[in-house]
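Note sheet for the following structure.
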Amino acid sequence: MQAFYPFKSHFLDLDGLKYHYLDEGKGDPVVMLHGNPSWSFYYRELVRELRNGYRTVVPDHIGCGLSDKPADSYYSFTLKQRVDDLERLLDHLGIDERITLVLHDWGGVIGMAYAARHSERIARLVILNTAAFHLPKEKKFPLALKICRDTQLGAFLVQTFNAFARGAAWVGCKRKPMNAELRRAYCSPYDNWHNRLATLRFVQDIPLLPSDPSYALVSEVEASLPRFADLPMAIFWGERDFVFDRVFRDEWTQRFPKAELHSYPDVGHYVLEDAGEEIIPLIRRFLTNHPLPTVPPWKQKQR
């Protein structure tokens with residue numbers, strides 16, 4: 001595992017819960033947000049590439065990765081709570097300007113909800129098979145997600161057999177299917193019934209109806225998106241994602257017609273895993289091609 005993930009771990013105390021994050025390199029901050037059921041491991045190669053020139057910050061959402069995995073009695077497992085956690089982390093680190101967000105899966109709505117609160121802090125956006133809006137009308141909610149979200153059978157399969165993390169590791173890459181060692185690394189944080197709670201709660205928090213707890217917040221995030229229309233944005237999309245398919249991609253491009261688009265017909269959900277050798281150099285090029293204004297020495301912040 002150390003060979004895959006050779007980084008120093010950092011932890012922020014969130015009211016008694018350990019919130020794990022990576023903090024590698026110096027420079028303008030690049031904040032990378034993972035989804036469900038992955039963790040900061042997903043961004044390991046992008047961190048290696050960018051830490052020479054940028055400050056890369058990658059949290060593990062509570063219940064995921066190397067963060068604490070509390071019971072429901074200690075944590076709410078809602079979208080709002082995720083955004084609050086991220087805000088506390090970035091404020092703790094003094095990261096409040098010139099932020100590039102890299103967003104995947106649930107990281108999209110978490111990151112863009114943070115951006116909606118602090119639009120002046122966001123400088124660039126990198127979008128990877130994600131959403132920051134409600135389920136498009138053209139997209140039917142996948143049956144596998146519906147079973148996990150709405151049935152006792154789904155909850156049993158997720159927590160007893162780690163079905164969500166294992167299934168994602170099996171089907172998440174199409175061009176380069178994960179080998180057994182890589183699948184184990186993705187699933188390793190979710191190694192018992194208790195530690196799989198977050199993977200279930202994330203699915204159960206998908207808002208489909210106005211009565212769902214996170215529906216109103218997603219509506220607010222969706223309404224905020226026009227504020228970011230002129231920011232530099234790059235979209236990297238795996239078209240063989242069974243959830244975030246071309247319908248979601250087209251929703252992004254319709255909302256952000258100026259965005260740089262790279263779409264891969266043979267790539268799945270874990271787009272950085274499946275096509276990282278192509279995408280990671282393109283992300284660096286995107287950042288280089290959209291430099292931020294020089295910060296005067298007197299305004300530079302010390303880590």
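Here, A, B, ... name the chains of the structure tokens in the order displayed, residue numbers run from 1 inside each chain, and ligands are numbered from 1 in the same displayed order.
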
### Message
List as a PyMOL selection string the protein and nucleic acid residues near Arg55 (chain A), meaning an atom at most 6 Å away when only C-alpha atoms are counted, but skip any in the same chain fewer than 3 places from it.
### Response
chain A and resi 24-30+51

Residues of region 272-291 of chain A that have any atom at most 10 Å from an atom of region 222-239 of chain A: could you tabulate them with the shortest-distance atom pair and the distance in Å to one decimal, using only C-alpha atoms, ordered by chain and increasing number, as a Markdown table?
```
| residue | atom | partner | partner_atom | distance |
| --- | --- | --- | --- | --- |
| A:Leu272 | CA | A:Phe236 | CA | 8.8 |
| A:Asp274 | CA | A:Gly238 | CA | 8.4 |
| A:Ala275 | CA | A:Gly238 | CA | 8.6 |
| A:Ile279 | CA | A:Phe236 | CA | 7.2 |
| A:Ile280 | CA | A:Phe236 | CA | 9.9 |
| A:Leu282 | CA | A:Ala234 | CA | 9.2 |
| A:Ile283 | CA | A:Ala234 | CA | 7.8 |
| A:Phe286 | CA | A:Ala234 | CA | 7.2 |
| A:Leu287 | CA | A:Pro232 | CA | 8.9 |
| A:Asn289 | CA | A:Pro232 | CA | 9.5 |
| A:His290 | CA | A:Pro232 | CA | 6.8 |
| A:Pro291 | CA | A:Pro232 | CA | 9.7 |
```

Kindly provide the residues of region 111-170 of chain A that approach region 199-204 of chain A to within 9 Å, each paired with its closest atom pair and their distance in Å to one decimal, based on only C-alpha atoms, listed by chain and increasing number, as CSV.
```
residue,atom,partner,partner_atom,distance
A:Leu145,CA,A:Val203,CA,7.1
A:Lys146,CA,A:Val203,CA,8.7
A:Cys148,CA,A:Val203,CA,6.8
A:Arg149,CA,A:Gln204,CA,4.5
A:Asp150,CA,A:Gln204,CA,7.1
A:Gly154,CA,A:Leu200,CA,8.7
A:Ala155,CA,A:Leu200,CA,6.6
A:Val158,CA,A:Leu200,CA,6.4
A:Gln159,CA,A:Leu200,CA,7.2
A:Asn162,CA,A:Thr199,CA,8.7
A:Phe164,CA,A:Thr199,CA,7.1
A:Ala165,CA,A:Thr199,CA,7.6
```

Write the residues of the preceding selection, restricted to C-alpha atoms, as a tab-separated table (two decimals), in the first residue's frame.
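Dumped everything to out.tsv:
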```
chain	number	residue	atom	x	y	z
A	145	LEU	CA	-28.43	2.75	-7.20
A	146	LYS	CA	-32.15	2.55	-6.52
A	148	CYS	CA	-28.87	0.44	-2.69
A	149	ARG	CA	-30.68	3.67	-1.88
A	150	ASP	CA	-34.19	2.46	-1.19
A	154	GLY	CA	-29.35	-2.98	-0.90
A	155	ALA	CA	-28.31	-1.83	2.56
A	158	VAL	CA	-23.48	-2.73	0.85
A	159	GLN	CA	-22.65	-3.19	4.53
A	162	ASN	CA	-18.99	-4.25	0.60
A	164	PHE	CA	-20.79	-0.88	-3.54
A	165	ALA	CA	-17.03	-0.46	-3.25
```

### Message
Taking the DSSP secondary structure from the backbone, can you list the residues of region 6-242 of chain A that are helix (DSSP H, G or I), as a PyMOL selection string?
### Response
chain A and resi 40-50+79-92+106-117+119-121+143-150+152-161+163-171+180-187+194-204+215-228

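Atom pair CA of Lys18 (chain A) / CA of Asp68 (chain A) has a distance of 5.3 Å (rounded to one decimal).
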
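Residue nearest Arg196 (chain A), chosen from A:Leu101, A:Ile147, A:Leu125, A:Ala71 and counting only C-alpha atoms: A:Ala71.
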
### Query
So which bits of region 86-153 of chain A end up strand (DSSP E or B) when you DSSP the backbone, as an NGL selection string?
:A and (99-105 or 122-130)

Atoms kept (N, CA, C and O atoms) for selection, written as a PDB file, in the first residue's frame:
```
ATOM      1  N   ILE A  99      -8.227  29.261  -5.504  1.00  0.00           N
ATOM      2  CA  ILE A  99      -8.417  27.814  -5.385  1.00  0.00           C
ATOM      3  C   ILE A  99      -8.803  27.217  -6.735  1.00  0.00           C
ATOM      4  O   ILE A  99      -9.713  27.703  -7.410  1.00  0.00           O
ATOM      5  N   THR A 100      -8.132  26.157  -7.111  1.00  0.00           N
ATOM      6  CA  THR A 100      -8.566  25.300  -8.210  1.00  0.00           C
ATOM      7  C   THR A 100      -9.230  24.068  -7.601  1.00  0.00           C
ATOM      8  O   THR A 100      -8.632  23.380  -6.772  1.00  0.00           O
ATOM      9  N   LEU A 101     -10.453  23.806  -7.998  1.00  0.00           N
ATOM     10  CA  LEU A 101     -11.173  22.629  -7.532  1.00  0.00           C
ATOM     11  C   LEU A 101     -11.103  21.532  -8.586  1.00  0.00           C
ATOM     12  O   LEU A 101     -11.364  21.773  -9.768  1.00  0.00           O
ATOM     13  N   VAL A 102     -10.763  20.321  -8.144  1.00  0.00           N
ATOM     14  CA  VAL A 102     -10.799  19.134  -8.992  1.00  0.00           C
ATOM     15  C   VAL A 102     -11.867  18.224  -8.402  1.00  0.00           C
ATOM     16  O   VAL A 102     -11.768  17.806  -7.244  1.00  0.00           O
ATOM     17  N   LEU A 103     -12.896  17.907  -9.193  1.00  0.00           N
ATOM     18  CA  LEU A 103     -14.120  17.332  -8.635  1.00  0.00           C
ATOM     19  C   LEU A 103     -14.501  16.045  -9.349  1.00  0.00           C
ATOM     20  O   LEU A 103     -14.557  15.995 -10.584  1.00  0.00           O
ATOM     21  N   HIS A 104     -14.788  15.008  -8.552  1.00  0.00           N
ATOM     22  CA  HIS A 104     -15.206  13.715  -9.097  1.00  0.00           C
ATOM     23  C   HIS A 104     -16.366  13.172  -8.273  1.00  0.00           C
ATOM     24  O   HIS A 104     -16.363  13.258  -7.045  1.00  0.00           O
ATOM     25  N   ASP A 105     -17.393  12.650  -8.978  1.00  0.00           N
ATOM     26  CA  ASP A 105     -18.503  11.977  -8.318  1.00  0.00           C
ATOM     27  C   ASP A 105     -19.138  12.917  -7.273  1.00  0.00           C
ATOM     28  O   ASP A 105     -19.413  14.086  -7.585  1.00  0.00           O
ATOM     29  N   ILE A 122     -12.706  30.943  -5.737  1.00  0.00           N
ATOM     30  CA  ILE A 122     -12.497  29.907  -6.745  1.00  0.00           C
ATOM     31  C   ILE A 122     -11.905  30.524  -8.017  1.00  0.00           C
ATOM     32  O   ILE A 122     -12.421  31.506  -8.551  1.00  0.00           O
ATOM     33  N   ALA A 123     -10.822  29.906  -8.498  1.00  0.00           N
ATOM     34  CA  ALA A 123     -10.107  30.435  -9.666  1.00  0.00           C
ATOM     35  C   ALA A 123     -10.267  29.573 -10.907  1.00  0.00           C
ATOM     36  O   ALA A 123     -10.323  30.094 -12.025  1.00  0.00           O
ATOM     37  N   ARG A 124     -10.296  28.256 -10.745  1.00  0.00           N
ATOM     38  CA  ARG A 124     -10.376  27.336 -11.880  1.00  0.00           C
ATOM     39  C   ARG A 124     -11.122  26.081 -11.449  1.00  0.00           C
ATOM     40  O   ARG A 124     -11.158  25.748 -10.257  1.00  0.00           O
ATOM     41  N   LEU A 125     -11.677  25.367 -12.436  1.00  0.00           N
ATOM     42  CA  LEU A 125     -12.451  24.158 -12.160  1.00  0.00           C
ATOM     43  C   LEU A 125     -12.026  23.032 -13.095  1.00  0.00           C
ATOM     44  O   LEU A 125     -11.894  23.245 -14.307  1.00  0.00           O
ATOM     45  N   VAL A 126     -11.839  21.849 -12.519  1.00  0.00           N
ATOM     46  CA  VAL A 126     -11.561  20.640 -13.287  1.00  0.00           C
ATOM     47  C   VAL A 126     -12.650  19.631 -12.937  1.00  0.00           C
ATOM     48  O   VAL A 126     -12.809  19.261 -11.766  1.00  0.00           O
ATOM     49  N   ILE A 127     -13.383  19.187 -13.942  1.00  0.00           N
ATOM     50  CA  ILE A 127     -14.585  18.381 -13.747  1.00  0.00           C
ATOM     51  C   ILE A 127     -14.334  16.973 -14.274  1.00  0.00           C
ATOM     52  O   ILE A 127     -13.950  16.795 -15.436  1.00  0.00           O
ATOM     53  N   LEU A 128     -14.578  15.964 -13.424  1.00  0.00           N
ATOM     54  CA  LEU A 128     -14.320  14.561 -13.761  1.00  0.00           C
ATOM     55  C   LEU A 128     -15.548  13.713 -13.426  1.00  0.00           C
ATOM     56  O   LEU A 128     -15.753  13.368 -12.259  1.00  0.00           O
ATOM     57  N   ASN A 129     -16.377  13.397 -14.387  1.00  0.00           N
ATOM     58  CA  ASN A 129     -17.515  12.494 -14.176  1.00  0.00           C
ATOM     59  C   ASN A 129     -18.220  12.764 -12.851  1.00  0.00           C
ATOM     60  O   ASN A 129     -18.082  12.021 -11.873  1.00  0.00           O
ATOM     61  N   THR A 130     -18.977  13.826 -12.840  1.00  0.00           N
ATOM     62  CA  THR A 130     -19.625  14.281 -11.620  1.00  0.00           C
ATOM     63  C   THR A 130     -20.866  15.076 -11.971  1.00  0.00           C
ATOM     64  O   THR A 130     -21.242  15.188 -13.145  1.00  0.00           O
TER      65      THR A 130
END
```

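In this comparison, which uses only C-alpha atoms, the residue of A:Cys173, A:Leu86, A:Leu208, A:Ile110 approaching Pro265 (chain A) most closely is A:Cys173.
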
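Put simply, CA of Arg184 (chain A) is 11.6 Å away from CA of Phe41 (chain A).
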
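Considering the residues A:Arg88, A:Asp241, A:Val31, A:Arg44 and counting only C-alpha atoms, Pro142 (chain A) has its shortest atom-to-atom contact with A:Asp241.
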
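Between Arg121 (chain A) and the candidates A:Leu135, A:Ile95, A:Leu292, A:Met178, the tightest atom-to-atom separation, counting only C-alpha atoms, involves A:Ile95.
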
### Query
If you count only C-alpha atoms, which residues fall within 12 Å of Trp170 (chain A), apart from same-chain ones fewer than 4 positions away, as a ChimeraX atom specification?
/A:163-166,174,176-184,186-187,268-270,274

Write the selection just made, keeping N, CA, C and O atoms, as a JSON list (two decimals), in the first residue's frame?
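Output (result38.json):
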```json
[["chain", "number", "residue", "atom", "x", "y", "z"],
["A", 163, "ALA", "N", -20.58, -4.42, -1.23],
["A", 163, "ALA", "CA", -20.97, -4.55, -2.64],
["A", 163, "ALA", "C", -20.74, -3.27, -3.42],
["A", 163, "ALA", "O", -20.39, -3.32, -4.61],
["A", 164, "PHE", "N", -20.91, -2.13, -2.79],
["A", 164, "PHE", "CA", -20.79, -0.88, -3.54],
["A", 164, "PHE", "C", -19.34, -0.61, -3.92],
["A", 164, "PHE", "O", -19.03, -0.32, -5.08],
["A", 165, "ALA", "N", -18.44, -0.71, -2.96],
["A", 165, "ALA", "CA", -17.03, -0.46, -3.25],
["A", 165, "ALA", "C", -16.45, -1.53, -4.18],
["A", 165, "ALA", "O", -15.72, -1.22, -5.12],
["A", 166, "ARG", "N", -16.78, -2.77, -3.92],
["A", 166, "ARG", "CA", -16.27, -3.85, -4.77],
["A", 166, "ARG", "C", -16.83, -3.75, -6.18],
["A", 166, "ARG", "O", -16.10, -3.93, -7.17],
["A", 174, "LYS", "N", -12.88, 0.77, -17.70],
["A", 174, "LYS", "CA", -13.23, 0.02, -18.90],
["A", 174, "LYS", "C", -12.03, -0.18, -19.82],
["A", 174, "LYS", "O", -11.83, -1.26, -20.36],
["A", 176, "LYS", "N", -8.79, 0.10, -18.91],
["A", 176, "LYS", "CA", -7.77, -0.63, -18.15],
["A", 176, "LYS", "C", -8.40, -1.16, -16.87],
["A", 176, "LYS", "O", -8.28, -0.54, -15.81],
["A", 177, "PRO", "N", -9.09, -2.29, -16.93],
["A", 177, "PRO", "CA", -9.70, -2.83, -15.71],
["A", 177, "PRO", "C", -8.68, -2.97, -14.59],
["A", 177, "PRO", "O", -7.53, -3.33, -14.81],
["A", 178, "MET", "N", -9.11, -2.67, -13.38],
["A", 178, "MET", "CA", -8.21, -2.74, -12.23],
["A", 178, "MET", "C", -7.78, -4.18, -11.98],
["A", 178, "MET", "O", -8.61, -5.10, -12.05],
["A", 179, "ASN", "N", -6.51, -4.35, -11.63],
["A", 179, "ASN", "CA", -6.06, -5.66, -11.19],
["A", 179, "ASN", "C", -6.48, -5.86, -9.72],
["A", 179, "ASN", "O", -6.98, -4.96, -9.06],
["A", 180, "ALA", "N", -6.24, -7.07, -9.22],
["A", 180, "ALA", "CA", -6.71, -7.42, -7.87],
["A", 180, "ALA", "C", -6.09, -6.53, -6.81],
["A", 180, "ALA", "O", -6.75, -6.11, -5.85],
["A", 181, "GLU", "N", -4.81, -6.20, -6.96],
["A", 181, "GLU", "CA", -4.13, -5.38, -5.96],
["A", 181, "GLU", "C", -4.72, -3.98, -5.90],
["A", 181, "GLU", "O", -4.93, -3.41, -4.81],
["A", 182, "LEU", "N", -5.03, -3.42, -7.06],
["A", 182, "LEU", "CA", -5.61, -2.08, -7.10],
["A", 182, "LEU", "C", -7.03, -2.09, -6.55],
["A", 182, "LEU", "O", -7.42, -1.18, -5.81],
["A", 183, "ARG", "N", -7.79, -3.11, -6.86],
["A", 183, "ARG", "CA", -9.15, -3.22, -6.31],
["A", 183, "ARG", "C", -9.10, -3.30, -4.79],
["A", 183, "ARG", "O", -9.91, -2.67, -4.10],
["A", 184, "ARG", "N", -8.15, -4.06, -4.27],
["A", 184, "ARG", "CA", -8.02, -4.16, -2.81],
["A", 184, "ARG", "C", -7.69, -2.81, -2.19],
["A", 184, "ARG", "O", -8.21, -2.46, -1.12],
["A", 186, "TYR", "N", -8.53, 0.19, -3.31],
["A", 186, "TYR", "CA", -9.73, 1.02, -3.31],
["A", 186, "TYR", "C", -10.71, 0.60, -2.22],
["A", 186, "TYR", "O", -11.38, 1.44, -1.60],
["A", 187, "CYS", "N", -10.80, -0.69, -1.97],
["A", 187, "CYS", "CA", -11.77, -1.21, -1.01],
["A", 187, "CYS", "C", -11.24, -1.27, 0.41],
["A", 187, "CYS", "O", -12.02, -1.48, 1.35],
["A", 268, "GLY", "N", -14.32, 4.54, -18.27],
["A", 268, "GLY", "CA", -15.41, 4.42, -17.31],
["A", 268, "GLY", "C", -15.40, 5.50, -16.24],
["A", 268, "GLY", "O", -14.83, 6.57, -16.41],
["A", 269, "HIS", "N", -16.04, 5.17, -15.11],
["A", 269, "HIS", "CA", -16.26, 6.15, -14.05],
["A", 269, "HIS", "C", -14.98, 6.66, -13.42],
["A", 269, "HIS", "O", -14.82, 7.87, -13.21],
["A", 270, "TYR", "N", -14.05, 5.75, -13.11],
["A", 270, "TYR", "CA", -12.79, 6.16, -12.50],
["A", 270, "TYR", "C", -11.85, 6.67, -13.59],
["A", 270, "TYR", "O", -10.86, 6.04, -13.94],
["A", 274, "ASP", "N", -8.52, 5.09, -15.31],
["A", 274, "ASP", "CA", -8.66, 4.46, -16.61],
["A", 274, "ASP", "C", -7.83, 5.13, -17.70],
["A", 274, "ASP", "O", -7.33, 4.46, -18.61]]
```

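Closest to Asp85 (chain A) among A:Ala131, A:Leu22, A:Leu12, A:Leu143 is A:Leu12, based on only C-alpha atoms.
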
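Of the listed residues A:Val221, A:Met32, A:Ala113, A:Val271, the one whose atoms come nearest to Phe133 (chain A) is A:Val221, with distances taken using only C-alpha atoms.
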